[in-house]
Each structure stands twice: as structure tokens, then as C-alpha cells.
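Asks: mmCIF, C-alpha atoms, saved as structure.cif, coming up:
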```
data_protein
#
loop_
_atom_site.label_atom_id
_atom_site.label_comp_id
_atom_site.auth_asym_id
_atom_site.auth_seq_id
_atom_site.Cartn_x
_atom_site.Cartn_y
_atom_site.Cartn_z
CA MET A 1 8.45 -26.94 -70.38
CA LEU A 2 5.60 -28.25 -68.21
CA ARG A 3 6.34 -31.63 -66.64
CA ILE A 4 3.22 -33.48 -65.48
CA HIS A 5 4.10 -36.26 -63.03
CA PHE A 6 1.83 -39.32 -62.96
CA THR A 7 1.37 -42.03 -60.36
CA SER A 8 -0.20 -45.42 -61.10
CA GLN A 9 -3.47 -44.06 -59.69
CA ASP A 10 -3.33 -41.09 -62.05
CA MET A 11 -2.93 -43.45 -65.02
CA GLN A 12 -6.33 -44.90 -64.12
CA ASN A 13 -7.95 -41.47 -63.96
CA ILE A 14 -7.20 -39.83 -67.31
CA ARG A 15 -10.25 -38.36 -68.98
CA VAL A 16 -10.93 -36.55 -72.26
CA ALA A 17 -13.66 -33.90 -72.36
CA ASN A 18 -16.11 -35.03 -75.03
CA ARG A 19 -17.31 -31.55 -76.01
CA PRO A 20 -15.90 -28.02 -76.21
CA HIS A 21 -15.56 -26.11 -72.95
CA PRO A 22 -17.18 -22.74 -73.74
CA LEU A 23 -15.20 -20.63 -71.27
CA TRP A 24 -11.85 -22.15 -72.26
CA GLU A 25 -12.80 -21.53 -75.91
CA LEU A 26 -13.73 -17.95 -75.06
CA ILE A 27 -10.49 -17.24 -73.15
CA CYS A 28 -8.39 -18.73 -75.97
CA GLY A 29 -10.56 -16.92 -78.54
CA VAL A 30 -9.95 -13.54 -76.88
CA CYS A 31 -6.20 -14.23 -77.09
CA ARG A 32 -6.48 -15.12 -80.80
CA LEU A 33 -8.56 -12.00 -81.47
CA THR A 34 -5.94 -9.64 -80.06
CA THR A 35 -3.02 -11.22 -81.94
CA ARG A 36 -2.30 -12.02 -85.58
CA GLN A 37 -1.59 -15.66 -84.79
CA GLY A 38 -2.96 -18.29 -87.12
CA PRO A 39 -3.94 -16.19 -90.15
CA LEU A 40 -5.04 -19.30 -92.02
CA GLU A 41 -6.83 -20.94 -89.11
CA PHE A 42 -8.43 -17.85 -87.58
CA GLY A 43 -8.23 -15.10 -90.20
CA HIS A 44 -11.77 -15.55 -91.53
CA TRP A 45 -13.20 -15.75 -87.99
CA ARG A 46 -11.19 -12.74 -86.80
CA ARG A 47 -12.35 -10.55 -89.69
CA SER A 48 -15.98 -11.56 -89.15
CA VAL A 49 -15.83 -10.81 -85.42
CA GLN A 50 -14.10 -7.47 -85.95
CA ASP A 51 -16.72 -6.47 -88.53
CA ARG A 52 -19.44 -7.23 -86.00
CA LEU A 53 -17.70 -5.29 -83.24
CA VAL A 54 -17.61 -2.19 -85.46
CA THR A 55 -21.41 -2.12 -85.66
CA ASP A 56 -22.37 -3.71 -82.31
CA THR A 57 -21.53 -1.27 -79.50
CA ARG A 58 -22.84 -3.62 -76.80
CA ALA A 59 -20.62 -6.48 -77.94
CA ARG A 60 -17.62 -4.15 -78.18
CA ARG A 61 -18.13 -2.88 -74.63
CA ALA A 62 -18.55 -6.40 -73.29
CA LEU A 63 -15.20 -7.43 -74.75
CA LEU A 64 -13.20 -4.62 -73.11
CA PRO A 65 -13.09 -6.02 -69.53
CA LEU A 66 -12.15 -9.45 -70.90
CA GLN A 67 -9.21 -8.01 -72.81
CA THR A 68 -8.08 -6.43 -69.53
CA LEU A 69 -8.15 -9.74 -67.64
CA ILE A 70 -6.98 -11.99 -70.51
CA PRO A 71 -3.55 -10.99 -71.83
CA PRO A 72 -2.43 -12.77 -75.01
CA LEU A 73 0.73 -13.88 -73.15
CA GLY A 74 1.36 -14.64 -69.53
CA TYR A 75 -0.81 -15.27 -66.51
CA ILE A 76 -4.62 -15.51 -66.85
CA PRO A 77 -6.77 -15.80 -63.70
CA ASP A 78 -7.99 -19.36 -63.19
CA PHE A 79 -11.43 -18.33 -61.92
CA LEU A 80 -12.43 -17.49 -65.51
CA THR A 81 -12.29 -21.18 -66.50
CA PRO A 82 -14.03 -23.20 -63.76
CA PRO A 83 -14.51 -26.96 -64.19
CA VAL A 84 -17.88 -27.76 -65.76
CA ALA A 85 -18.42 -31.46 -66.38
CA SER A 86 -21.44 -30.90 -68.62
CA GLY A 87 -19.72 -28.33 -70.85
CA ASP A 88 -22.69 -26.05 -70.18
CA LEU A 89 -22.05 -22.30 -70.41
CA SER A 90 -24.68 -21.30 -67.85
CA ALA A 91 -23.18 -23.67 -65.27
CA GLY A 92 -19.74 -22.20 -65.91
CA LEU A 93 -21.04 -18.65 -65.53
CA ASP A 94 -22.68 -19.61 -62.23
CA GLU A 95 -19.29 -20.83 -61.00
CA VAL A 96 -17.62 -17.56 -62.05
CA ARG A 97 -20.35 -15.54 -60.38
CA ALA A 98 -19.82 -17.45 -57.12
CA THR A 99 -16.02 -16.98 -56.97
CA SER A 100 -14.91 -16.28 -53.39
CA ARG A 101 -13.39 -12.98 -52.30
CA THR A 102 -10.20 -14.74 -51.19
CA ARG A 103 -9.67 -16.34 -54.57
CA LEU A 104 -10.45 -13.15 -56.50
CA THR A 105 -8.02 -11.15 -54.39
CA HIS A 106 -5.26 -13.72 -54.80
CA GLU A 107 -5.61 -14.21 -58.56
CA LEU A 108 -6.16 -10.56 -59.46
CA SER A 109 -3.18 -9.55 -57.31
CA ARG A 110 -1.07 -12.03 -59.25
CA LEU A 111 -2.33 -10.58 -62.53
CA ALA A 112 -1.48 -7.07 -61.31
CA GLU A 113 2.13 -8.15 -60.83
CA SER A 114 2.49 -8.59 -64.60
CA ARG A 115 0.44 -5.68 -65.93
CA PRO A 116 -1.27 -2.49 -64.68
CA LEU A 117 -4.98 -2.93 -64.01
CA PRO A 118 -7.72 -0.27 -64.15
CA SER A 119 -9.50 0.79 -60.97
CA TRP A 120 -12.71 -1.13 -61.75
CA VAL A 121 -10.89 -4.43 -61.19
CA SER A 122 -10.69 -3.70 -57.45
CA ALA A 123 -14.49 -3.88 -57.33
CA LEU A 124 -14.29 -7.61 -58.16
CA ASP A 125 -14.10 -8.43 -54.46
CA GLY A 126 -16.58 -11.22 -53.89
CA PRO A 127 -19.58 -13.26 -55.03
CA GLY A 128 -22.77 -11.35 -55.72
CA THR A 129 -21.10 -7.99 -56.23
CA ARG A 130 -22.26 -5.79 -59.04
CA ALA A 131 -18.82 -5.83 -60.65
CA LEU A 132 -18.68 -9.63 -60.72
CA ARG A 133 -22.20 -9.84 -62.12
CA SER A 134 -21.20 -7.38 -64.85
CA LEU A 135 -18.10 -9.42 -65.68
CA THR A 136 -20.17 -12.58 -65.91
CA ARG A 137 -22.58 -10.81 -68.24
CA ALA A 138 -19.63 -9.70 -70.37
CA LEU A 139 -18.47 -13.31 -70.60
CA GLU A 140 -21.91 -14.38 -71.76
CA LEU A 141 -22.24 -11.63 -74.37
CA SER A 142 -18.74 -12.27 -75.69
CA CYS A 143 -19.53 -15.96 -76.06
CA ARG A 144 -22.43 -14.97 -78.29
CA THR A 145 -20.20 -12.73 -80.39
CA LEU A 146 -17.04 -14.79 -80.65
CA LEU A 147 -18.35 -18.36 -80.42
CA ASP A 148 -22.05 -18.82 -81.13
CA PRO A 149 -22.00 -18.29 -84.93
CA TYR A 150 -19.14 -20.80 -85.22
CA TRP A 151 -20.17 -23.29 -82.53
CA PRO A 152 -21.20 -26.11 -84.90
CA HIS A 153 -17.79 -25.80 -86.59
CA ILE A 154 -16.00 -25.78 -83.21
CA ARG A 155 -18.02 -28.75 -81.96
CA THR A 156 -17.24 -30.76 -85.09
CA ALA A 157 -13.49 -30.10 -84.87
CA VAL A 158 -13.41 -31.05 -81.19
CA GLY A 159 -15.58 -34.12 -81.86
CA ASP A 160 -13.15 -35.31 -84.54
CA ASP A 161 -10.28 -35.02 -82.06
CA VAL A 162 -12.20 -36.87 -79.34
CA GLU A 163 -12.82 -39.70 -81.81
CA LEU A 164 -9.09 -39.82 -82.58
CA ARG A 165 -8.16 -39.95 -78.88
CA SER A 166 -10.80 -42.60 -78.22
CA ARG A 167 -9.38 -44.86 -80.92
CA ALA A 168 -5.90 -44.47 -79.41
CA LEU A 169 -7.21 -45.33 -75.95
CA LEU A 170 -9.13 -48.37 -77.17
CA GLY A 171 -6.23 -49.59 -79.26
CA GLY A 172 -3.35 -49.05 -76.86
CA GLY A 173 -4.63 -47.84 -73.48
CA THR A 174 -3.60 -44.74 -71.59
CA PHE A 175 0.03 -45.00 -72.72
CA ALA A 176 -1.09 -44.74 -76.36
CA LEU A 177 -3.43 -41.86 -75.48
CA LEU A 178 -0.63 -39.85 -73.88
CA ASP A 179 1.91 -40.77 -76.54
CA GLY A 180 -0.58 -39.64 -79.19
CA LEU A 181 -0.30 -36.05 -77.96
CA ARG A 182 2.96 -35.65 -79.93
CA PRO A 183 4.30 -33.18 -81.03
CA LEU A 184 2.50 -31.05 -78.42
CA ALA A 185 3.75 -33.26 -75.60
CA ARG A 186 6.08 -36.21 -75.13
CA TRP A 187 5.28 -39.17 -72.92
CA ASN A 188 8.41 -40.14 -71.00
CA ALA A 189 6.87 -42.40 -68.34
CA PRO A 190 5.91 -41.47 -65.72
CA VAL A 191 6.17 -37.85 -66.89
CA LEU A 192 4.31 -36.05 -69.66
CA GLU A 193 6.62 -33.32 -70.99
CA VAL A 194 4.56 -30.52 -72.50
CA ASP A 195 5.71 -27.68 -74.75
CA TYR A 196 5.05 -24.70 -72.47
CA PRO A 197 6.16 -21.06 -72.24
CA VAL A 198 7.50 -21.38 -68.67
CA ASP A 199 9.33 -24.09 -66.76
CA ARG A 200 7.19 -25.81 -64.12
CA ASP A 201 6.29 -29.16 -62.59
CA LEU A 202 2.77 -30.40 -61.87
CA HIS A 203 2.41 -33.40 -59.56
CA LEU A 204 -0.99 -35.02 -60.04
CA GLU A 205 -0.80 -36.97 -56.76
CA GLY A 206 -3.69 -39.30 -57.59
CA ARG A 207 -6.06 -36.61 -58.86
CA GLY A 208 -5.78 -37.73 -62.48
CA LEU A 209 -5.80 -35.42 -65.49
CA LEU A 210 -8.57 -34.00 -67.63
CA LEU A 211 -7.59 -33.45 -71.27
CA ILE A 212 -9.64 -30.66 -72.88
CA PRO A 213 -9.45 -30.42 -76.69
CA SER A 214 -9.85 -26.82 -77.84
CA TYR A 215 -10.46 -25.16 -81.18
CA PHE A 216 -9.02 -21.75 -80.25
CA CYS A 217 -6.03 -23.03 -78.30
CA TRP A 218 -3.00 -22.34 -80.50
CA ARG A 219 0.36 -24.01 -81.07
CA ARG A 220 0.94 -25.32 -77.54
CA PRO A 221 -1.20 -26.62 -74.67
CA THR A 222 -2.19 -24.55 -71.67
CA ALA A 223 -3.15 -25.39 -68.10
CA LEU A 224 -4.44 -23.84 -64.90
CA ALA A 225 -1.81 -21.79 -63.10
CA ASP A 226 -2.77 -22.95 -59.59
CA PRO A 227 -1.41 -26.48 -58.98
CA GLY A 228 -3.95 -26.94 -56.20
CA LEU A 229 -6.90 -26.89 -58.61
CA GLY A 230 -8.17 -29.95 -60.48
CA PRO A 231 -5.49 -30.69 -63.10
CA VAL A 232 -6.41 -30.01 -66.72
CA LEU A 233 -4.44 -29.81 -69.94
CA VAL A 234 -6.05 -27.82 -72.74
CA TYR A 235 -4.58 -28.63 -76.15
CA PRO A 236 -5.25 -27.45 -79.73
CA VAL A 237 -7.18 -29.59 -82.19
CA ALA A 238 -6.77 -29.69 -85.97
CA LYS A 239 -8.61 -26.83 -87.67
CA GLN A 240 -10.25 -28.74 -90.53
CA PRO A 241 -12.18 -27.97 -92.63
CA LEU A 242 -11.02 -24.35 -92.79
CA GLU A 243 -13.65 -21.73 -93.52
CA ILE A 244 -11.38 -19.86 -95.89
CA VAL A 245 -10.31 -23.00 -97.72
CA ARG A 246 -13.90 -24.10 -98.14
CA ALA A 247 -14.86 -20.75 -99.63
CA SER A 248 -12.07 -20.82 -102.20
CA ARG A 249 -11.80 -24.56 -102.86
CA ASP A 250 -13.37 -24.44 -106.33
CA GLY A 251 -10.89 -21.84 -107.55
CA LEU A 252 -7.94 -23.69 -106.06
CA GLU A 253 -9.01 -26.95 -107.65
CA ARG A 254 -9.14 -25.30 -111.06
CA LEU A 255 -5.63 -23.99 -110.49
CA LEU A 256 -3.94 -26.98 -108.83
CA GLY A 257 -6.27 -29.89 -109.46
CA ARG A 258 -8.39 -31.65 -106.86
CA THR A 259 -5.71 -34.00 -105.54
CA ARG A 260 -2.99 -31.40 -105.10
CA THR A 261 -5.48 -29.04 -103.45
CA ALA A 262 -6.39 -31.79 -100.96
CA VAL A 263 -2.71 -32.47 -100.24
CA LEU A 264 -1.84 -28.77 -99.72
CA THR A 265 -4.92 -28.20 -97.56
CA ASP A 266 -4.06 -31.18 -95.37
CA LEU A 267 -0.54 -29.86 -94.80
CA ALA A 268 -1.88 -26.40 -93.99
CA CYS A 269 -4.27 -27.87 -91.42
CA HIS A 270 -1.93 -30.29 -89.69
CA GLY A 271 1.61 -28.96 -90.09
CA ALA A 272 4.44 -31.42 -90.73
CA ARG A 273 3.18 -34.73 -92.17
CA THR A 274 4.87 -37.84 -93.47
CA THR A 275 4.22 -39.02 -97.02
CA SER A 276 2.18 -41.91 -95.66
CA GLU A 277 0.02 -39.57 -93.55
CA VAL A 278 -0.59 -37.36 -96.57
CA ALA A 279 -1.57 -40.36 -98.68
CA THR A 280 -4.04 -41.55 -96.04
CA ALA A 281 -5.58 -38.10 -95.55
CA ALA A 282 -5.97 -37.49 -99.29
CA GLY A 283 -7.16 -41.05 -100.02
CA ILE A 284 -4.46 -41.75 -102.60
CA ALA A 285 -1.73 -44.34 -103.06
CA LEU A 286 1.72 -43.73 -101.59
CA PRO A 287 3.46 -43.29 -104.98
CA SER A 288 0.80 -40.78 -106.02
CA ALA A 289 1.30 -38.84 -102.78
CA SER A 290 5.06 -38.70 -103.41
CA TYR A 291 4.45 -37.42 -106.94
CA GLN A 292 1.93 -34.77 -105.88
CA LEU A 293 4.21 -33.58 -103.08
CA GLY A 294 7.07 -33.32 -105.56
CA VAL A 295 5.00 -31.14 -107.88
CA LEU A 296 3.95 -28.87 -105.00
CA ARG A 297 7.54 -28.70 -103.76
CA ASP A 298 8.81 -27.73 -107.22
CA GLY A 299 6.21 -24.95 -107.24
CA GLY A 300 7.43 -23.61 -103.89
CA LEU A 301 4.19 -24.50 -102.09
CA VAL A 302 5.61 -27.33 -99.98
CA SER A 303 8.90 -27.93 -98.17
CA SER A 304 10.27 -31.34 -97.19
CA HIS A 305 12.87 -32.44 -94.65
CA ARG A 306 14.18 -35.86 -93.64
CA ASP A 307 13.54 -36.71 -89.99
CA GLY A 308 15.16 -40.06 -89.20
CA GLN A 309 13.51 -42.72 -91.34
CA TYR A 310 10.72 -40.40 -92.42
CA VAL A 311 10.44 -37.42 -94.75
CA ARG A 312 8.15 -34.74 -93.35
CA HIS A 313 6.39 -32.14 -95.47
CA TRP A 314 4.71 -28.83 -94.63
CA ALA A 315 3.07 -25.97 -96.48
CA THR A 316 5.35 -23.00 -97.16
CA SER A 317 4.34 -19.38 -96.55
CA LEU A 318 3.56 -19.15 -100.28
CA GLY A 319 1.29 -22.17 -100.02
CA LEU A 320 -0.47 -20.69 -97.01
CA ARG A 321 -0.98 -17.37 -98.77
CA LEU A 322 -2.45 -19.18 -101.76
CA LEU A 323 -4.98 -20.88 -99.49
CA ASP A 324 -5.78 -17.61 -97.76
CA ARG A 325 -6.85 -15.80 -100.95
#
```
Please re-express this file's structure in C-alpha cells.
Replies:
Amino acid sequence: MLRIHFTSQDMQNIRVANRPHPLWELICGVCRLTTRQGPLEFGHWRRSVQDRLVTDTRARRALLPLQTLIPPLGYIPDFLTPPVASGDLSAGLDEVRATSRTRLTHELSRLAESRPLPSWVSALDGPGTRALRSLTRALELSCRTLLDPYWPHIRTAVGDDVELRSRALLGGGTFALLDGLRPLARWNAPVLEVDYPVDRDLHLEGRGLLLIPSYFCWRRPTALADPGLGPVLVYPVAKQPLEIVRASRDGLERLLGRTRTAVLTDLACHGARTTSEVATAAGIALPSASYQLGVLRDGGLVSSHRDGQYVRHWATSLGLRLLDR
């Protein structure tokens, strides 16, 4: 668990990035490409990228050094995701290109503690070096391959999340904004408890926190490893509408009907949902939502479980496979 400790000054300095951060999306995208995580959310994208890599030798070569520096699990060097207020890729690449020798040595040495590194990594020893310029070029080319064809889709998904967070902030202030991060994080004032692969504490100490919504972030939030850097929390956004669902929606609607298709798709996109949340998302009355969920549950496409005063529903593996056809 990651425990983020707030002061009263930090509560006044919480920000939400209003657009995708290209280098965070790229780093998370490289992780998703090398795993089989999120077959529904990322399967269509992963197949498209892999098809392109088969025919595009330049793109394939550019990706290799990134896969060396970006393991799917564990430590990732912070210099690959510099803060860029404008969300501009070229500004981010300039920051990477200017990384100091001291920082490169420190972060790459830490990476080497967890995995063997090839000899070319030692040439990343300061700003302006040929190796660092080549790495920056690889970042740029990989952005074109992994992100550019899907950027409008990524931008829309992140924009929808920013709108959701903005409504929470306007309606209930920073407490509501932080509490709205459930189930990814739990606000237990003055600490935000985040689902995280390792146990650590981050004391903001008046620096505030930048929330960065991300399309390719998966399952749980992530953060910079160095507590001395500007604090950020990168968290996954809902992946709707899904490319694969959109492509097969007509066939699914003929099979299940429009309303049940909408209900199943919503559960696949968002995970566990209450009956009321399903009704709102599908634009139907509460009794109708209960009926449609019952039909899907009888067909083995949805599971339900009581959680306190609520009943929560989610798509089963059979339901997910049906959507992934």
C-alpha cells in the first residue's frame, strides 16, 4: 500500500492534469504491450501494434531499448516521465534529453539491482550524449507507433475522467475529489491509502499532489519512485467506448438485445457496479436494470454479490469473452 500524507497546505494544492501525459501513456503502454493484461481493454490495440511491428523494422528497433528500461513489474526510472505542464511530447523529450549524469547514474544503478542490463545502458551517462539522444528518438518513434493512431480515443477517455473529477471537486471540494478515487484509493484523512504493489509512505510536505489520469495505466495507480520529486499519482481511467465492443456491437445487439448489450458493456468497462449505477449508465429505470441483470446472470454473463446495503454486479469471464469476439 502507498500512503500519501497530506497537510492543510497540500489540500489547497491538489491538481488534476486536464490532458493525457504522452510519456506516462507510453511507459504504461509498453508495460501493457509486453503482458497479456486487459485482453478486453487492450487486446485490439495490442494486436494492431504487434501487426505493425512485424512490418516496420524501424519501429521494432525503437521499442527494444524501451523494453529494457521499462519492466512490466517493478522499478522504472523516473527520468523517463518528467513533469510537463503543457502535456506536450516535445517538451517532455527535451527534459529527458537534458537529464543530468548524476540522476542517470543513480536511477540506472537502481534498475540494475532488479534486472541485468545490457552494456549500451552504461553509455547513458549525461545530457547531450549520443546514447541519450538515441533513447529520446526511440521514445518519440514509439509514441508514434503505440499512441498516435489511438490518441483521439485516449484523449476522449481521459477527458471524460477529468470531467468526472471536476464535478466531484465542484460539488464537494477536495475531500470529494479524493474520496472519488475509490476503489483505487481510500481517503482516510489526512492520508490517501492507495492500492500499490509495495509498502511505502509519501509525505507531501506542502508540495501538493498532481493527479494524472491515464488510459494505459492498469488496475492500480502508480507514482514516481523518488519521494524528492514533485509528487504525482497516475491512475487508470475507464476504457469506454471499447474498440472491440464498437466493432462487434451490431452482432451483440442482435444476440442479446440493445439494452442487455449496453448493460454488459458497461460492466465490462467499469468492473463492479451497483444496480443503480447500471441503470444510470444504460439510461433505464431501476426495475428494468434489475430485470436485465437477472437475465444476464441466468445466462452466466454476469455475477452478483451483496456488499453491505448494495448488490454489486460484474461481467464474468464468459461475458468478457463474448464481448471480445
Asks: Which residues are near Ile27 in chain A? Cut-off 10 Å, only C-alpha atoms, ignore same chain within fewer than 2 positions. Put them as a ChimeraX atom specification.
Replies: /A:22-25,29-32,66-67,69-72,76,80-81,139,142-143,216-217
Asks: So that I have them on file, write out the residues from the current selection with C-alpha atoms, as a compact mmCIF listing (two decimals), in the coordinates of the input.
Replies:
```txt
# COMPACT_ATOMS: atom_id res chain seq x y z
CA PRO A 22 -17.18 -22.74 -73.74
CA LEU A 23 -15.20 -20.63 -71.27
CA TRP A 24 -11.85 -22.15 -72.26
CA GLU A 25 -12.80 -21.53 -75.91
CA GLY A 29 -10.56 -16.92 -78.54
CA VAL A 30 -9.95 -13.54 -76.88
CA CYS A 31 -6.20 -14.23 -77.09
CA ARG A 32 -6.48 -15.12 -80.80
CA LEU A 66 -12.15 -9.45 -70.90
CA GLN A 67 -9.21 -8.01 -72.81
CA LEU A 69 -8.15 -9.74 -67.64
CA ILE A 70 -6.98 -11.99 -70.51
CA PRO A 71 -3.55 -10.99 -71.83
CA PRO A 72 -2.43 -12.77 -75.01
CA ILE A 76 -4.62 -15.51 -66.85
CA LEU A 80 -12.43 -17.49 -65.51
CA THR A 81 -12.29 -21.18 -66.50
CA LEU A 139 -18.47 -13.31 -70.60
CA SER A 142 -18.74 -12.27 -75.69
CA CYS A 143 -19.53 -15.96 -76.06
CA PHE A 216 -9.02 -21.75 -80.25
CA CYS A 217 -6.03 -23.03 -78.30
```
Asks: Using all atoms listed in the file, which residues sit within 7 Å of Ile4 in chain A once same-chain residues fewer than 4 positions away are excluded, as a ChimeraX atom specification?
Replies: /A:191-193,201-203
Asks: So which one's closest to Trp151 in chain A, A:Pro287, A:Gln292, A:Ser214, A:Pro227? Using only C-alpha atoms, please.
Replies: A:Ser214
Asks: Excluding same-chain residues fewer than 4 positions from Phe6 in chain A, what lies within 10 Å of it counting all atoms listed in the file, as a short mmCIF file (atom, residue, chain, number, x, y, z; two decimals) with C-alpha atoms, in the coordinates of the input?
Replies:
```
data_model
loop_
_atom_site.label_atom_id
_atom_site.label_comp_id
_atom_site.auth_asym_id
_atom_site.auth_seq_id
_atom_site.Cartn_x
_atom_site.Cartn_y
_atom_site.Cartn_z
CA ASP A 10 -3.33 -41.09 -62.05
CA MET A 11 -2.93 -43.45 -65.02
CA GLN A 12 -6.33 -44.90 -64.12
CA ALA A 189 6.87 -42.40 -68.34
CA PRO A 190 5.91 -41.47 -65.72
CA VAL A 191 6.17 -37.85 -66.89
CA LEU A 192 4.31 -36.05 -69.66
CA LEU A 202 2.77 -30.40 -61.87
CA HIS A 203 2.41 -33.40 -59.56
CA LEU A 204 -0.99 -35.02 -60.04
CA GLU A 205 -0.80 -36.97 -56.76
CA GLY A 206 -3.69 -39.30 -57.59
CA ARG A 207 -6.06 -36.61 -58.86
CA GLY A 208 -5.78 -37.73 -62.48
CA LEU A 209 -5.80 -35.42 -65.49
#
```
Asks: On this structure, the PyMOL selection byres ((chain A and resi 63) around 12) would catch which residues? List them as a ChimeraX atom specification, sorted by chain and number.
Replies: /A:26-27,29-31,33-34,49-50,53,56-62,64-70,134-146
Asks: Separation of CA of Gln37 in chain A and CA of His305 in chain A, in Å?
Replies: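 Rounded to one decimal, the two atoms are 24.2 Å apart.
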Asks: From the list A:Ala225, A:Arg133, A:Tyr215, A:Gly171, which residue is nearest Leu111 in chain A when using only C-alpha atoms?
Replies: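 Of all the options, A:Ala225 lies closest to Leu111 in chain A.
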Asks: Between CA of Ala272 in chain A and CA of Arg297 in chain A, what distance in Å does the model show, to one decimal?
Replies: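 Taking CA of Ala272 in chain A and CA of Arg297 in chain A, their separation equals 13.7 Å.
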Asks: Skipping near chain neighbours, those fewer than 6 positions away, what residues fall within 10 Å of Leu124 in chain A using all atoms listed in the file, listed as number ranges by chain?
Replies: A: 99-101, 104-105, 108, 130-135
Asks: Looking at all atoms listed in the file, which of A:Val232, A:Val263, A:His270, A:Asn13 is the one that sits closest to Ser290 in chain A?
Replies: A:Val263
Asks: Would you be able to write out as a list of chain:residue names which residues have an atom within 8 Å of (-12.7, -36.8, -78.1) in the file's coordinates, counting all atoms listed in the file?
Replies: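 Residues found, by chain and rising number: A:Val16, A:Ala17, A:Asn18, A:Arg19, A:Val158, A:Gly159, A:Asp160, A:Asp161, A:Val162, A:Glu163, A:Leu164, A:Arg165, A:Ser166, A:Pro213.
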Asks: Take the PyMOL selection byres ((chain A and resi 177) around 10), apply it to the structure above, and return the hits as a list in words.
Replies: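 When the PyMOL selection byres ((chain A and resi 177) around 10) is applied to the shown file, the picked residues are Ile14, Val16, Leu164, Arg165, Ser166, Arg167, Ala168, Leu169, Leu170, Gly171, Gly172, Gly173, Thr174, Phe175, Ala176, Leu178, Asp179, Gly180, Leu181, Arg182 and Trp187 of chain A.
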Asks: Write a file of the just-selected residues containing C-alpha atoms, as a PDB file, in the coordinates of the input.
Replies:
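In the end it all went to again_10.pdb:
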```
ATOM      1  CA  ILE A  14      -7.200 -39.830 -67.310  1.00  0.00           C
ATOM      2  CA  VAL A  16     -10.930 -36.550 -72.260  1.00  0.00           C
ATOM      3  CA  LEU A 164      -9.090 -39.820 -82.580  1.00  0.00           C
ATOM      4  CA  ARG A 165      -8.160 -39.950 -78.880  1.00  0.00           C
ATOM      5  CA  SER A 166     -10.800 -42.600 -78.220  1.00  0.00           C
ATOM      6  CA  ARG A 167      -9.380 -44.860 -80.920  1.00  0.00           C
ATOM      7  CA  ALA A 168      -5.900 -44.470 -79.410  1.00  0.00           C
ATOM      8  CA  LEU A 169      -7.210 -45.330 -75.950  1.00  0.00           C
ATOM      9  CA  LEU A 170      -9.130 -48.370 -77.170  1.00  0.00           C
ATOM     10  CA  GLY A 171      -6.230 -49.590 -79.260  1.00  0.00           C
ATOM     11  CA  GLY A 172      -3.350 -49.050 -76.860  1.00  0.00           C
ATOM     12  CA  GLY A 173      -4.630 -47.840 -73.480  1.00  0.00           C
ATOM     13  CA  THR A 174      -3.600 -44.740 -71.590  1.00  0.00           C
ATOM     14  CA  PHE A 175       0.030 -45.000 -72.720  1.00  0.00           C
ATOM     15  CA  ALA A 176      -1.090 -44.740 -76.360  1.00  0.00           C
ATOM     16  CA  LEU A 178      -0.630 -39.850 -73.880  1.00  0.00           C
ATOM     17  CA  ASP A 179       1.910 -40.770 -76.540  1.00  0.00           C
ATOM     18  CA  GLY A 180      -0.580 -39.640 -79.190  1.00  0.00           C
ATOM     19  CA  LEU A 181      -0.300 -36.050 -77.960  1.00  0.00           C
ATOM     20  CA  ARG A 182       2.960 -35.650 -79.930  1.00  0.00           C
ATOM     21  CA  TRP A 187       5.280 -39.170 -72.920  1.00  0.00           C
TER      22      TRP A 187
END
```
Asks: Would you kindly return, as a list of chain:residue names, each protein, DNA or RNA residue with an atom no farther than 12 Å from any atom of Ser109 in chain A, considering only C-alpha atoms and excluding same-chain residues fewer than 6 positions away?
Replies: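 Within the cut-off, the hits are A:Leu69, A:Tyr75, A:Ile76, A:Pro77, A:Arg101, A:Thr102, A:Arg103, A:Arg115, A:Pro116, A:Leu117, A:Val121, A:Ser122, A:Leu124, A:Asp125.
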Asks: Which of these residues is nearest to Pro221 in chain A, using all atoms listed in the file: A:Leu2, A:Arg200, A:Thr259, A:Thr129?
Replies: A:Leu2
Asks: Please report the interatomic distance between CA of Pro39 in chain A and CA of Tyr235 in chain A in Å with one decimal.
Replies: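 Computing it gives 18.7 Å between the two atoms.
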Asks: Evaluate the PyMOL selection byres ((chain A and resi 308-318) around 9) on the structure here and hand back the selected residues as an NGL selection string.
Replies: :A and (264-268 or 270-275 or 278 or 293 or 297 or 300-307 or 319-323)
Asks: Using all atoms listed in the file for the distances, tell me which of A:Gly299, A:Met1, A:Leu255, A:Arg15 is nearest to Tyr196 in chain A.
Replies: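 Among A:Gly299, A:Met1, A:Leu255, A:Arg15, it is A:Met1 that comes nearest to Tyr196 in chain A.
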Asks: Using only C-alpha atoms, can you tell me which of A:Phe79, A:Tyr150, A:Phe42, A:Tyr291 comes closest to Trp218 in chain A?
Replies: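 Comparing A:Phe79, A:Tyr150, A:Phe42, A:Tyr291 against Trp218 in chain A, the winner is A:Phe42.
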